[in-house]
Structure formats: C-alpha cells, structure tokens
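Structure file my_file-v3.cif (mmCIF, C-alpha atoms) is printed below.
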data_final
#
loop_
_atom_site.label_atom_id
_atom_site.label_comp_id
_atom_site.auth_asym_id
_atom_site.auth_seq_id
_atom_site.Cartn_x
_atom_site.Cartn_y
_atom_site.Cartn_z
CA MET J 1 80.96 3.25 -14.91
CA ILE J 2 82.63 3.53 -11.52
CA GLN J 3 85.50 5.45 -13.12
CA PHE J 4 83.11 7.81 -14.86
CA ALA J 5 81.10 8.27 -11.66
CA ASN J 6 84.27 9.05 -9.73
CA TRP J 7 85.43 11.48 -12.39
CA LEU J 8 82.04 13.23 -12.27
CA ALA J 9 82.11 13.25 -8.48
CA ASN J 10 85.45 15.07 -8.55
CA SER J 11 84.27 17.62 -11.09
CA GLY J 12 83.70 21.23 -10.10
CA ALA J 13 79.96 21.05 -10.82
CA SER J 14 79.46 18.09 -8.50
CA GLN J 15 81.52 19.72 -5.74
CA LYS J 16 79.55 22.96 -6.06
CA LEU J 17 76.24 21.10 -5.73
CA LEU J 18 77.38 19.29 -2.61
CA GLU J 19 78.80 22.45 -1.00
CA ASN J 20 75.37 24.01 -1.33
CA TYR J 21 73.80 21.13 0.54
CA TRP J 22 70.23 22.45 0.25
CA ILE J 23 70.18 22.13 -3.55
CA VAL J 24 69.75 18.32 -3.67
CA PRO J 25 66.71 18.16 -1.36
CA VAL J 26 65.09 21.14 -3.09
CA VAL J 27 65.69 19.55 -6.49
CA GLN J 28 64.25 16.27 -5.17
CA CYS J 29 61.06 18.09 -4.13
CA ILE J 30 60.69 19.52 -7.64
CA HIS J 31 61.42 16.02 -9.02
CA ILE J 32 58.58 14.54 -6.92
CA LEU J 33 56.16 17.31 -7.91
CA ALA J 34 56.98 16.81 -11.62
CA ILE J 35 56.38 13.07 -11.21
CA SER J 36 53.04 13.87 -9.52
CA ALA J 37 51.97 15.92 -12.54
CA LEU J 38 52.93 13.20 -14.99
CA MET J 39 51.45 10.40 -12.86
CA GLY J 40 48.11 12.24 -12.73
CA GLY J 41 48.15 12.34 -16.53
CA VAL J 42 49.29 8.73 -16.90
CA LEU J 43 46.48 7.57 -14.61
CA MET J 44 43.76 9.59 -16.33
CA ILE J 45 44.70 8.49 -19.87
CA ASN J 46 45.12 4.82 -18.98
CA LEU J 47 41.99 4.73 -16.81
CA ARG J 48 40.12 6.33 -19.70
CA ILE J 49 41.33 3.55 -22.01
CA LEU J 50 40.26 0.99 -19.38
CA ASN J 51 36.89 2.74 -19.11
CA LEU J 52 37.41 3.40 -15.40
CA ALA J 53 37.48 7.21 -15.47
CA GLY J 54 36.68 10.14 -17.72
CA LYS J 55 33.93 8.46 -19.72
CA GLY J 56 32.33 11.85 -20.39
CA GLN J 57 35.31 12.85 -22.51
CA THR J 58 36.39 11.29 -25.80
CA MET J 59 39.66 9.41 -25.93
CA THR J 60 41.27 12.14 -28.05
CA ALA J 61 40.07 14.92 -25.73
CA THR J 62 41.52 13.07 -22.73
CA ALA J 63 44.82 12.57 -24.54
CA ARG J 64 44.95 16.23 -25.67
CA ARG J 65 44.44 17.32 -22.09
CA PHE J 66 46.99 15.06 -20.41
CA VAL J 67 49.74 14.05 -22.88
CA PRO J 68 51.43 17.49 -22.82
CA TRP J 69 51.44 17.43 -19.01
CA ILE J 70 53.12 14.04 -19.06
CA TRP J 71 55.82 15.33 -21.44
CA TRP J 72 56.39 18.44 -19.32
CA GLY J 73 56.54 16.28 -16.19
CA VAL J 74 59.07 13.98 -17.88
CA ALA J 75 61.16 16.97 -19.02
CA ILE J 76 61.30 18.55 -15.56
CA ALA J 77 61.95 15.18 -13.92
CA LEU J 78 64.84 14.56 -16.36
CA ILE J 79 66.43 17.94 -15.64
CA THR J 80 66.07 17.60 -11.86
CA GLY J 81 67.21 13.97 -12.13
CA LEU J 82 70.36 15.02 -14.02
CA ILE J 83 71.20 17.54 -11.31
CA GLN J 84 70.91 14.76 -8.71
CA ILE J 85 73.21 12.51 -10.79
CA VAL J 86 75.83 15.25 -11.07
CA ALA J 87 75.60 15.91 -7.32
CA GLU J 88 75.93 12.25 -6.29
CA PRO J 89 77.17 10.26 -9.31
CA VAL J 90 78.36 7.18 -7.46
CA ARG J 91 75.08 6.90 -5.53
CA ASP J 92 73.10 6.83 -8.78
CA LEU J 93 75.26 5.46 -11.57
CA VAL J 94 76.67 2.48 -9.70
CA ASN J 95 73.24 1.26 -8.69
CA TYR J 96 71.04 -1.51 -10.09
CA ALA J 97 67.85 0.24 -8.96
CA PHE J 98 68.85 3.34 -10.92
CA TRP J 99 69.52 1.43 -14.15
CA SER J 100 66.36 -0.67 -13.82
CA LYS J 101 64.46 2.58 -13.39
CA MET J 102 66.11 4.05 -16.51
CA ILE J 103 65.22 1.00 -18.63
CA LEU J 104 61.57 1.10 -17.52
CA LEU J 105 61.47 4.86 -17.97
CA LEU J 106 62.75 4.49 -21.53
CA LEU J 107 60.12 1.81 -22.27
CA SER J 108 57.38 4.00 -20.76
CA ILE J 109 58.44 6.96 -22.88
CA VAL J 110 58.53 4.81 -26.03
CA LEU J 111 55.01 3.55 -25.23
CA LEU J 112 53.79 7.12 -24.69
CA ALA J 113 55.33 8.27 -27.98
CA ALA J 114 53.78 5.28 -29.78
CA PHE J 115 50.39 6.09 -28.26
CA GLN J 116 50.70 9.70 -29.35
CA SER J 117 51.69 8.74 -32.88
CA THR J 118 48.88 6.21 -33.37
CA LEU J 119 46.49 8.82 -31.99
CA THR J 120 47.47 11.43 -34.56
CA ARG J 121 47.50 8.87 -37.40
CA ASN J 122 44.11 7.36 -36.55
CA LEU J 123 42.41 10.40 -35.09
CA ALA J 124 38.94 9.48 -36.36
CA VAL J 125 39.09 5.96 -34.91
CA TRP J 126 40.20 7.17 -31.48
CA GLU J 127 37.58 9.92 -31.49
CA GLU J 128 34.86 7.30 -31.97
CA THR J 129 35.93 4.52 -29.64
CA SER J 130 34.37 4.48 -26.19
CA SER J 131 37.24 2.45 -24.76
CA GLY J 132 40.43 0.84 -26.01
CA THR J 133 40.53 -2.50 -27.79
CA ARG J 134 41.65 -5.47 -25.72
CA LYS J 135 45.23 -5.02 -26.94
CA VAL J 136 45.28 -1.32 -26.07
CA GLN J 137 43.79 -2.06 -22.64
CA VAL J 138 46.59 -4.52 -21.92
CA LEU J 139 49.08 -1.82 -22.91
CA ALA J 140 47.30 0.64 -20.59
CA ILE J 141 47.72 -1.71 -17.64
CA LEU J 142 51.34 -2.25 -18.66
CA SER J 143 51.86 1.50 -18.84
CA ILE J 144 50.50 2.07 -15.32
CA ALA J 145 52.57 -0.85 -14.01
CA MET J 146 55.76 0.48 -15.61
CA TRP J 147 55.30 4.02 -14.25
CA VAL J 148 54.54 2.59 -10.80
CA ALA J 149 57.75 0.56 -11.03
CA VAL J 150 59.66 3.70 -12.10
CA VAL J 151 58.49 5.49 -8.94
CA VAL J 152 59.22 2.53 -6.65
CA LEU J 153 62.68 1.94 -8.15
CA GLY J 154 63.35 5.67 -7.88
CA ARG J 155 62.86 5.52 -4.13
CA TRP J 156 64.82 2.28 -4.04
CA ILE J 157 67.95 4.02 -5.40
CA ALA J 158 68.53 5.35 -1.89
CA TYR J 159 68.59 1.81 -0.52
CA ALA J 160 70.57 0.09 -3.25
CA GLN J 161 73.69 2.21 -2.94
CA ILE J 162 76.98 0.39 -3.21
CA GLU J 163 79.74 1.50 -0.89
CA VAL J 164 82.70 2.21 -3.14
CA MET X 1 60.64 26.09 17.46
CA THR X 2 58.42 24.55 20.16
CA LEU X 3 57.08 21.25 18.99
CA PRO X 4 54.03 19.45 20.38
CA HIS X 5 54.91 17.22 23.28
CA ILE X 6 53.85 13.59 23.13
CA PRO X 7 54.02 11.66 26.42
CA GLN X 8 56.99 9.27 26.40
CA MET X 9 54.67 6.46 27.51
CA TRP X 10 52.72 6.67 24.24
CA LEU X 11 55.88 6.79 22.14
CA ASP X 12 57.20 3.72 23.93
CA ALA X 13 53.91 1.91 23.44
CA LEU X 14 54.11 2.56 19.69
CA THR X 15 57.76 1.66 19.24
CA SER X 16 57.44 -1.55 21.24
CA LEU X 17 54.66 -2.94 19.05
CA SER X 18 55.87 -6.07 17.31
CA LEU X 19 54.81 -4.52 14.00
CA SER X 20 57.05 -1.48 14.61
CA GLN X 21 59.87 -3.75 15.67
CA PHE X 22 59.53 -5.77 12.49
CA ILE X 23 59.56 -2.65 10.27
CA ARG X 24 62.64 -1.33 12.11
CA GLU X 25 64.62 -4.52 11.97
CA SER X 26 63.68 -5.83 8.54
CA SER X 27 66.05 -4.92 5.73
CA TRP X 28 63.31 -4.49 3.16
CA ALA X 29 60.11 -3.46 5.03
CA PHE X 30 60.88 0.22 5.53
CA PRO X 31 62.06 0.90 1.95
CA ALA X 32 59.08 -1.06 0.60
CA ILE X 33 56.58 0.89 2.73
CA GLU X 34 58.31 4.14 1.85
CA SER X 35 58.10 3.35 -1.87
CA ILE X 36 54.36 2.73 -1.53
CA HIS X 37 54.09 5.99 0.40
CA VAL X 38 55.82 7.98 -2.36
CA LEU X 39 53.70 6.27 -5.00
CA ALA X 40 50.50 7.05 -3.09
CA ILE X 41 51.51 10.68 -2.61
CA VAL X 42 52.36 11.35 -6.24
CA MET X 43 48.93 9.93 -7.10
CA VAL X 44 47.18 12.07 -4.47
CA VAL X 45 48.94 15.25 -5.56
CA GLY X 46 48.72 14.43 -9.27
CA THR X 47 44.96 13.83 -9.22
CA ILE X 48 44.17 16.73 -6.87
CA ALA X 49 46.14 19.02 -9.16
CA ILE X 50 43.88 18.06 -12.07
CA VAL X 51 40.83 19.38 -10.20
CA ASP X 52 42.71 22.42 -8.86
CA LEU X 53 43.88 23.41 -12.34
CA ARG X 54 40.30 23.13 -13.59
CA LEU X 55 39.05 25.36 -10.77
CA ILE X 56 41.76 27.94 -11.46
CA GLY X 57 40.94 27.75 -15.18
CA ILE X 58 44.32 26.56 -16.45
CA ALA X 59 43.35 23.13 -17.82
CA SER X 60 40.36 20.87 -18.65
CA ASN X 61 38.16 23.93 -19.14
CA ASN X 62 35.95 22.05 -21.61
CA CYS X 63 35.08 19.52 -18.91
CA ALA X 64 32.45 20.17 -16.21
CA VAL X 65 33.82 20.57 -12.69
CA THR X 66 31.49 17.90 -11.25
CA GLN X 67 32.55 15.46 -13.94
CA ILE X 68 36.27 15.98 -13.46
CA SER X 69 35.78 15.61 -9.71
CA ARG X 70 33.94 12.35 -10.21
CA ASP X 71 36.70 11.06 -12.48
CA THR X 72 39.59 11.90 -10.21
CA LEU X 73 38.50 12.12 -6.58
CA LYS X 74 37.82 8.44 -5.95
CA TRP X 75 41.39 7.72 -7.07
CA THR X 76 42.62 10.58 -4.91
CA TRP X 77 40.90 9.11 -1.85
CA GLY X 78 42.07 5.60 -2.62
CA ALA X 79 45.66 6.80 -2.90
CA PHE X 80 45.23 8.97 0.20
CA ILE X 81 44.15 5.96 2.29
CA LEU X 82 47.20 4.09 1.01
CA ALA X 83 49.39 7.07 1.97
CA VAL X 84 47.89 7.21 5.47
CA ILE X 85 48.42 3.49 6.07
CA SER X 86 51.99 3.45 4.73
CA GLY X 87 52.76 6.73 6.51
CA SER X 88 51.46 5.40 9.84
CA LEU X 89 53.57 2.28 9.48
CA MET X 90 56.71 4.35 8.87
CA ALA X 91 55.83 6.67 11.73
CA ILE X 92 55.24 4.00 14.39
CA ALA X 93 58.47 2.26 13.49
CA LYS X 94 60.58 5.31 14.35
CA ILE X 95 58.17 7.63 16.14
CA ASP X 96 60.87 8.72 18.63
CA SER X 97 62.97 10.25 15.90
CA TYR X 98 60.00 11.80 14.07
CA VAL X 99 58.31 13.75 16.87
CA VAL X 100 61.41 15.88 17.41
CA VAL X 101 61.57 16.91 13.74
CA PRO X 102 59.90 20.24 12.87
CA SER X 103 59.25 19.16 9.25
CA PHE X 104 57.21 16.20 10.51
CA TRP X 105 54.81 18.52 12.37
CA LEU X 106 54.85 21.14 9.63
CA LYS X 107 53.80 18.49 7.13
CA PHE X 108 50.73 17.71 9.24
CA ALA X 109 50.02 21.40 9.73
CA PHE X 110 49.91 21.87 5.95
CA MET X 111 47.76 18.74 5.52
CA PHE X 112 45.38 20.12 8.12
CA ALA X 113 45.24 23.45 6.28
CA ALA X 114 44.57 21.58 3.02
CA ALA X 115 41.73 19.71 4.73
CA ILE X 116 40.16 22.95 6.03
CA ASN X 117 40.48 24.47 2.56
CA MET X 118 38.76 21.43 1.07
CA LEU X 119 35.96 21.48 3.67
CA ILE X 120 35.23 25.18 3.08
CA PHE X 121 35.18 24.54 -0.65
CA GLU X 122 32.92 21.48 -0.39
CA LEU X 123 30.49 22.92 2.16
CA VAL X 124 30.25 26.52 0.96
CA THR X 125 31.61 27.21 -2.51
CA PHE X 126 30.62 23.91 -4.15
CA ARG X 127 26.95 24.32 -3.23
CA SER X 128 26.41 26.70 -6.10
CA VAL X 129 28.28 24.46 -8.55
CA ARG X 130 25.27 24.19 -10.86
CA GLN X 131 25.67 27.81 -11.83
CA TRP X 132 29.30 27.45 -12.90
CA ASP X 133 29.77 23.74 -13.52
CA ALA X 134 30.19 23.60 -17.28
CA ASN X 135 31.35 27.08 -18.21
CA CYS X 136 34.54 28.94 -17.47
CA GLY X 137 32.96 31.39 -15.06
CA VAL X 138 34.28 29.70 -11.94
CA PRO X 139 33.66 31.95 -8.91
CA ARG X 140 36.62 33.63 -7.30
CA ALA X 141 36.23 31.55 -4.12
CA ALA X 142 36.70 28.36 -6.15
CA LYS X 143 39.78 29.77 -7.88
CA ILE X 144 41.25 30.68 -4.51
CA ALA X 145 40.46 27.20 -3.16
CA GLY X 146 42.19 25.61 -6.16
CA THR X 147 45.27 27.81 -5.81
CA LEU X 148 45.47 27.22 -2.06
CA SER X 149 45.15 23.49 -2.56
CA LEU X 150 48.06 23.43 -5.03
CA VAL X 151 50.26 25.53 -2.73
CA LEU X 152 49.40 23.60 0.44
CA TRP X 153 49.97 20.16 -1.11
CA THR X 154 53.27 21.37 -2.55
CA PHE X 155 54.35 22.22 0.99
CA VAL X 156 53.16 18.82 2.23
CA VAL X 157 55.50 17.21 -0.34
CA ILE X 158 58.37 19.57 0.55
CA PHE X 159 58.16 18.97 4.31
CA GLY X 160 57.60 15.27 3.75
CA ARG X 161 60.81 15.05 1.76
CA TRP X 162 62.54 17.26 4.30
CA ILE X 163 61.87 14.83 7.14
CA GLY X 164 64.38 12.50 5.50
CA TYR X 165 66.95 15.28 5.44
CA THR X 166 66.55 16.10 9.09
CA ILE X 167 66.88 12.73 10.78
CA ASN X 168 70.61 11.93 11.05
CA PHE X 169 71.35 15.19 9.24
CA ASP X 170 71.43 17.42 12.33
CA SER X 171 74.93 18.64 11.65
CA VAL X 172 73.96 19.80 8.16
CA PHE X 173 70.41 21.01 8.58
CA GLY X 174 70.49 22.08 12.18
CA GLY X 175 67.82 19.54 13.06
CA GLY X 176 65.06 21.42 11.30
CA PHE X 177 63.96 23.30 8.29
#

As structure tokens:
Amino acid sequence: MIQFANWLANSGASQKLLENYWIVPVVQCIHILAISALMGGVLMINLRILNLAGKGQTMTATARRFVPWIWWGVAIALITGLIQIVAEPVRDLVNYAFWSKMILLLLSIVLLAAFQSTLTRNLAVWEETSSGTRKVQVLAILSIAMWVAVVVLGRWIAYAQIEV
Amino acid sequence: MTLPHIPQMWLDALTSLSLSQFIRESSWAFPAIESIHVLAIVMVVGTIAIVDLRLIGIASNNCAVTQISRDTLKWTWGAFILAVISGSLMAIAKIDSYVVVPSFWLKFAFMFAAAINMLIFELVTFRSVRQWDANCGVPRAAKIAGTLSLVLWTFVVIFGRWIGYTINFDSVFGGGF
C-alpha cells in the first residue's frame, strides 16, 4: 500500500492538486457539508424507528424523504473523499483510522441498502408499523453508532498519520 | 483585516487554566474533543437543513412546518450545546493562536448572523405559522429565512474548517482567508 500511495503521490493529478493548495480545504468543506446532509437523514430515519422523532409521519414516508438524501450525501462525500486521497495518498492510505473508517462506512452502506430493500419488499408492513421491532431498533442504534464512528474516525485520520 | 482585540491578561488567564494545559499537553484530548466538535456540527447543520429545506419548499412538503420543527430542533439544540462545549474547550487550550486568525472571528460573525436570522424568523415570521403550517404556501419571509440559514451555516462550516488551515499555515494561506 505504501508503494501504491507513493506512486499516486508522484502522479501528475496528485501534484496538480497540491500545487493548487486551496483545493483540498475547499473539498474538505464540501465533504463536511455532504456528511451533514446524510447525517441529518440518518438521524431522522433511525430516530423514527426508535420512536424518538417524526411520529407524525409513517415509517415509509420518513424513509422516502431521507433515504435519497443519504445516498446523495454518500455520493458527494465519496467523490470529495477520492479527491483528498489523490491529493495526499500517503496521509490517507497508510493510516489505520482511514481503513477503520472505510470498513465501518461499507457496513453502514450495506445496512442502508438492506433497509431500503426490506422496505420496498414489505411496503405494507412498514407503512403500518408505528415503530420498528426490537431487532430493527437494535439495528437503528447500531446504524447511528456506526455513522458516528465514521465521522470520528474521519477526523482522526489527521492524527493517525504515519511519517514515511 | 482588523481583528477584535482581547486583553492579553484574559488570554493568559484562559491558557493557564489547568484544563487548557491538559488539553494542550495530552496526546489524545484535542483530537477527541475535535472529533466530538465535528460530529456535533454535522448534526446541527444536518438537522437545521431539514427545516430550512421545508421552509424553502424543496423537501418534506407533505409534513407540517411545526411538526418538522418539533422533530428536529431538540436534536439541533442538543448537538449545538455539545458543539459549544467542545468548541470552548478547543478554544481555551490554544486561545492565543485563535484570536489572531480572521477565520475564527468570521465564523462567529456568521453564527451571530444565523442567530439574528433565526430570532427574526421565530419572533416575527413564525407567529403566523397557523396560516401556512400544513400547506405549501410558505410566506416569502420564511423562504428567505430558510435560504439565509442554509447559506450562513455553510459559511460557519467553511470558516470553521479554515481555522485549521490558517494556524501554522501562514506561509501558504497568508495567515487568513
């Protein structure tokens, strides 16, 4: 991974990004804003399942409102994240905080996709339920915890850099 | 840019607190507090945006404004308190280096503007909420308040992030934004 990171660091794209030193901070701002949008959605859906917010709306209505925003947030965060990796490959790719974040991100995305698929398959059931079953509520807490960890580990990347 | 001047005595008093000393010297305290700060801010901005988008008419239009406020704002305030506490802890630890950074003050200027915007909305525009609560006919003043809120909070995030690119980055960023 160090070799790959070094190769990427020496590439023209990476050099270009670093020469224009304002690009990384600007991209980071967009990254944070995208994460804000998706976190708002993550909170509202999971709090709805836990019966802590949005009781006036059905489960399906809440999901319809927020799931697309989470996906868009994820998409923009991935693009802006990739730009940051290309700009500073060694900082990110040779970093345990980065890889822990990626694993949790992947799990969170799988959970979101699973939620979306069970929702479309059992639309009638979800439309009726006032809150999630015990199992779903546990998953909702897990989902919030994993996204929180993704954010924390994301900030931790800056502090877990290895001097190569 | 002329920045507000804080008496050196006050800065010294803050930096010499044992709490500030601990945060400065510990290897994990500052990153931990900063992570909580980022987490709190994405929650503040994320939940405020939900209400703003409803006011503007972009999303949640089938949900009453009062209801969406009830659902989100308590979480917004909870996260905001967390952001204030974590932010204060970071600030007192290195207040000397922060007060000379334009982005630091600009961030507060935009937060202040966001607060004024919110107060005007709450005290004036929101009073007639019954007439436009459940339908899409949100008055223009509310749409403006929602748009302003989104823009102002975006700048709070931008200047907040920029603080980190100013301290020790003087040679690159000229010490300011």

Exercise. Once the PyMOL selection byres ((chain X) within 6 of (chain J)) has been applied to the shown file, what residues remain in the selection, as a PyMOL selection string?
Worked result: chain X and resi 35+42+45-47+71+158

Only C-alpha atoms, please: the residues just picked out, written as a JSON list (two decimals), in the frame of the given file.
[["chain", "number", "residue", "atom", "x", "y", "z"],
["X", 35, "SER", "CA", 58.10, 3.35, -1.87],
["X", 42, "VAL", "CA", 52.36, 11.35, -6.24],
["X", 45, "VAL", "CA", 48.94, 15.25, -5.56],
["X", 46, "GLY", "CA", 48.72, 14.43, -9.27],
["X", 47, "THR", "CA", 44.96, 13.83, -9.22],
["X", 71, "ASP", "CA", 36.70, 11.06, -12.48],
["X", 158, "ILE", "CA", 58.37, 19.57, 0.55]]

For this session: May I have the protein, DNA and RNA residues with any atom at most 12 Å from the point (48.6, 6.7, -1.3), counting all atoms listed in the file, written as a PyMOL selection string?
Result: (chain J and resi 36+148) or (chain X and resi 33-47+74-88)

Write the residues you've just listed into a file as a JSON list (two decimals), in the coordinates of the input, and include C-alpha atoms for each of them.
[["chain", "number", "residue", "atom", "x", "y", "z"],
["J", 36, "SER", "CA", 53.04, 13.87, -9.52],
["J", 148, "VAL", "CA", 54.54, 2.59, -10.80],
["X", 33, "ILE", "CA", 56.58, 0.89, 2.73],
["X", 34, "GLU", "CA", 58.31, 4.14, 1.85],
["X", 35, "SER", "CA", 58.10, 3.35, -1.87],
["X", 36, "ILE", "CA", 54.36, 2.73, -1.53],
["X", 37, "HIS", "CA", 54.09, 5.99, 0.40],
["X", 38, "VAL", "CA", 55.82, 7.98, -2.36],
["X", 39, "LEU", "CA", 53.70, 6.27, -5.00],
["X", 40, "ALA", "CA", 50.50, 7.05, -3.09],
["X", 41, "ILE", "CA", 51.51, 10.68, -2.61],
["X", 42, "VAL", "CA", 52.36, 11.35, -6.24],
["X", 43, "MET", "CA", 48.93, 9.93, -7.10],
["X", 44, "VAL", "CA", 47.18, 12.07, -4.47],
["X", 45, "VAL", "CA", 48.94, 15.25, -5.56],
["X", 46, "GLY", "CA", 48.72, 14.43, -9.27],
["X", 47, "THR", "CA", 44.96, 13.83, -9.22],
["X", 74, "LYS", "CA", 37.82, 8.44, -5.95],
["X", 75, "TRP", "CA", 41.39, 7.72, -7.07],
["X", 76, "THR", "CA", 42.62, 10.58, -4.91],
["X", 77, "TRP", "CA", 40.90, 9.11, -1.85],
["X", 78, "GLY", "CA", 42.07, 5.60, -2.62],
["X", 79, "ALA", "CA", 45.66, 6.80, -2.90],
["X", 80, "PHE", "CA", 45.23, 8.97, 0.20],
["X", 81, "ILE", "CA", 44.15, 5.96, 2.29],
["X", 82, "LEU", "CA", 47.20, 4.09, 1.01],
["X", 83, "ALA", "CA", 49.39, 7.07, 1.97],
["X", 84, "VAL", "CA", 47.89, 7.21, 5.47],
["X", 85, "ILE", "CA", 48.42, 3.49, 6.07],
["X", 86, "SER", "CA", 51.99, 3.45, 4.73],
["X", 87, "GLY", "CA", 52.76, 6.73, 6.51],
["X", 88, "SER", "CA", 51.46, 5.40, 9.84]]

For this session: Check what the PyMOL selection byres ((chain X and resi 153) around 10) selects in the file above and give those residues as a ChimeraX atom specification.
Result: /J:33 /X:41,44-45,48-49,107,110-111,113-114,148-152,154-159

Problem set entry | Distance in Å - CA of Pro68 (chain J) versus CA of Asn62 (chain X) |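 So the two atoms, CA of Pro68 (chain J) and CA of Asn62 (chain X), lie 16.2 Å apart.
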
Problem set entry | Given all atoms listed in the file as the counted atoms, nearest of X:Trp162, X:Phe121, X:Phe22, X:Phe108 to Ile92 (chain X) |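 Checking each of X:Trp162, X:Phe121, X:Phe22, X:Phe108 against Ile92 (chain X), counting all atoms listed in the file, the winner is X:Phe22.
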
Problem set entry | Atomic distance CA of Leu50 (chain J) - CA of Gln137 (chain J), expressed in Å with one decimal |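 Answer for the CA of Leu50 (chain J) to CA of Gln137 (chain J) separation: 5.7 Å.
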
For this session: Considering all atoms listed in the file, return as a PyMOL selection string whatever protein or nucleic-acid residues lie within 9 Å of Trp132 (chain X), sequence-local ones (same chain, fewer than 5 positions apart) excluded.
Result: chain X and resi 64-65+137-139

Exercise. Where does the PyMOL selection byres ((chain X and resi 4) around 10) land in this file, that is, which residues does it pick, as a count of residues only?
Worked result: 10

For this session: May I ask for the distance between CA of Ile70 (chain J) and CA of Ile56 (chain X), given in Å to one decimal place?
Result: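 Pair CA of Ile70 (chain J) / CA of Ile56 (chain X) returns 19.5 Å.
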
Enclose region 85-100 of chain J, meaning all of its atoms listed in the file, in a box aligned along x, y and z, pad it by 6 Å on each side, and list the centre and edge lengths in Å to one decimal, as JSON.
{"center_x": 72.4, "center_y": 7.2, "center_z": -9.8, "size_x": 24.0, "size_y": 29.4, "size_z": 20.6}

For this session: Between J:Val27, J:Gly81, J:Ile49, J:Asp92, single out the one closest to Arg134 (chain J), counting all atoms listed in the file.
Result: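 Using all atoms listed in the file, the shortest distance to Arg134 (chain J) belongs to J:Ile49.
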